[in-house]
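For reference, the structure is listed below as structure tokens.
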Amino acid sequence: MKQRRRRQLISAGLVGAGAGLAVGLTQTVVTRGVDSLLPNVRGVSSYNRPGTLTLLASDGQVIQKLGPATREKLVTGQMPLLVQRAFIAAEDRRFYQHDGIDPIGISRAMVRNISSGSVEEGASTITQQLARTVFLSQDRTIIRKLKEALLAGKLERQLSKEQILQQYLNYVYLGAGAYGVSDAAWIYFSKTPSELNLPEAALIAGLPPAPSIYSPLVNPDLALQRRTIVLRRMREAGFIDDLQFASANGSPLLLKPAEPKYFTSRAPYFTSWVAQELPSILSKEQLEVGGLTIRTSLNIDWQEKAQSTINRHTPGAMEGAVVSMEPGTGLVRSMVGGKDFNDSQFNRASQALRSPGSTFKLFVYLSALKEGMKPEDKITDRKVCYGGYCPKNFKDKYFGTVPLWKALQNSLNTVSVSLLKQVGFDKVIATANSLGITKGLGRFYPLGVGATEQTVLDMTAAYAGVFNRGVYIKPTPFEEILGPGGELLWSRRVNGDQGKRVIPSDIADAMLWMLQKVVSGGTGYGAVPPGRPAAGKTGTSEGGRDLWFIGGVPQLVTGLWLGYDNNKETKSTSSRAVIAWSEYMAPILKELPVEQFPPKPVLKGKFNPLKALTKNLKLVKPEDEETPLEETTEETTAPTAPSQPSVSTPAPVRPAKRQDPCGSMQTNPRYVDCRFDLLDRRRSTPNP
């Protein structure tokens, strides 16, 4: 067995020596033509391993580094002399004497390894190792060794020894996910390279030949044996004296392991969304190259505030989600998808489908405004049934005749379903679609109170489209993406969604005016300090399973959701979401200057079939239409309007009624639809 091992060592040594000597002779006649066939070695300082990715926040802070990346590089002059000497002694003691290939070193290593019966000393120079790491594979072939030697010679001709050593110490793999000395110092000892002492530097310098085997985290005894070899070679090279050797060799292995820097995302739910979105804007080839730098839209400070808020307002198994985005750019400034990413990687901001409750009423009221209604138009709030579905207001309270804005301010469910019926399912669905809401929108009455499940991200983006005066911009986490050489691959300003007008600006402004009323005196009251212009809408699904508030100021819209993953009842109201939203937004609003919303527009008089119809709208008998899945309710914090005393007045004399072609509600179960058809025909008939 020993003889076989010895033969293997001799064979390997002869191969290395032969390749080294052959290339050494060849280098004496290398021409510029040969150099031109080799890679540009001056780019070694910007080397990145395939699949590496750096994510930056909007202010340039590192959020995370992905893949086999050197997480912290040192520039020339920062690497401690002690560390340099330890690696030179361990890997290439004639580093400053050779020109990339060291035949003497190869021969010495061969003799030492054969005599010891193990691979104690490597035959490759530091320059060869750098060439192999950056430009070649790890295949053990003569061809690869020849290429390695040629590249080593080119490195020596075009870079200084200091530059070569610096880059090697930044890129060499040292086990446990450590690429470079700085990473290793942190991972093994929680130190910077300048803080390493002699035994620590020697231990790290002993890792390159077999990082997984000599790792002190895996095999501490082997690591100590390897450290002794490095210390002995440092003494032989004259870098340390006998006293230093003895002291360092006798010191215990005092590890203080730490996670690699930037290994864990500072905003894991946000970066998980980034990873999900990235393939839609970059090709597979671009992603595989590595060395990409992505400047995202994330505001680290706001992200931390959002996470803290969710953690404080979700006791027990309750969960929550937050999305903040700029209406005018689509940039998502914060995204939290749960309490603890380590416990659950499911992103409740971008993946969870939850009933939006009354926040969905946005699309119903927008559709009514588009069809000719105005915020001040009156509508009746009373119990009405549709096909067996009878929506109820919170606490079963009804206001009678109220203006449209008041109905939204108090989140009256009966009015929303009535509007849905009168405007038509298709028009409400089309309005929602135009604002990015496309999931599960069916033609059934509970649609009017948010029975179809949506994501927090999509609902927030839809509201942002209204805050942006009717221009919808798809939400994005990307500002720009740079390639390995710093070249611009993608920019939001050039390649991103520039927005599309989906709602007329006057309609959006009227809707915003009504949403402001929700915050100033309705269900969203207390979300912002008095006097601060803000708009928004609350939402609560049946049993308080989902608690929502989506709102903001002209510069920023935030959606917040609270609930249980198993759809358990919270037995609470959206007031809880308003409180959490307010706590999160309060410090952010101090950073944002006060801006005003557009003034309430004067909507020009259009023919208004809704107003004409609702004058005579009465209790509708159940119709044979689609049965709803479930009913949603919404609370109100606004004071209840006092009831008006009845006054006895004589009945007026009315002219004889003309016969109604639709019959009556008692005799025709499709009476309401018939009246709509008549109104549509009248509207389409030219005036005489």
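To be explicit about the labels: the chains of the structure tokens are called A, B, and onward in the order shown, and within each one the residues are counted from 1, while ligands get numbers from 1 in the order they are shown.
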
Write down as a count of residues only the residues of stretch 288-378 of chain A whose backbone DSSP state falls under strand (DSSP E or B).
20

Tell me which protein, DNA and RNA residues are within 10 Å of A:Ile240, counting only C-alpha atoms, leaving out same-chain ones fewer than 6 positions away, and put them as a list in words.
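Within the cut-off, the hits are Leu82, Arg85, Ala86, Leu198, Leu231, Arg232, Arg233 and Met234 of chain A.
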
Got a sec: who's within 10 Å of A:Glu277, counting only C-alpha atoms, leaving out chain neighbours fewer than 4 positions off, as an NGL selection string?
:A and (271-273 or 281-282 or 476-478)

Any chance you can output those residues with C-alpha atoms as an mmCIF file, in the first residue's frame?
```cif
data_model
loop_
_atom_site.group_PDB
_atom_site.id
_atom_site.type_symbol
_atom_site.label_atom_id
_atom_site.label_comp_id
_atom_site.auth_asym_id
_atom_site.auth_seq_id
_atom_site.Cartn_x
_atom_site.Cartn_y
_atom_site.Cartn_z
ATOM 1 C CA THR A 271 -35.036 39.554 -1.709
ATOM 2 C CA SER A 272 -37.136 36.425 -2.232
ATOM 3 C CA TRP A 273 -39.418 38.585 -4.392
ATOM 4 C CA ILE A 281 -35.794 40.914 -17.048
ATOM 5 C CA LEU A 282 -32.485 39.048 -17.432
ATOM 6 C CA THR A 476 -40.852 46.681 -9.305
ATOM 7 C CA PRO A 477 -37.902 46.098 -6.935
ATOM 8 C CA PHE A 478 -35.276 47.150 -9.498
#
```

I need the residues in stretch 475-581 of chain A that are alpha helix (DSSP H) according to DSSP; give them as a PyMOL selection string.
chain A and resi 492-495+505-521+575-581

Could you tell me which of A:Ile213, A:Ala461, A:Val336, A:Leu207 comes closest to A:Asn311 if we count only C-alpha atoms?
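Smallest distance to A:Asn311 is found for A:Val336.
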
Counting only C-alpha atoms, which of A:Gly388, A:Gly470, A:Gly563, A:Gly328 gets nearest to A:Phe444?
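Looking only at the distances to A:Phe444, the closest residue turns out to be A:Gly388.
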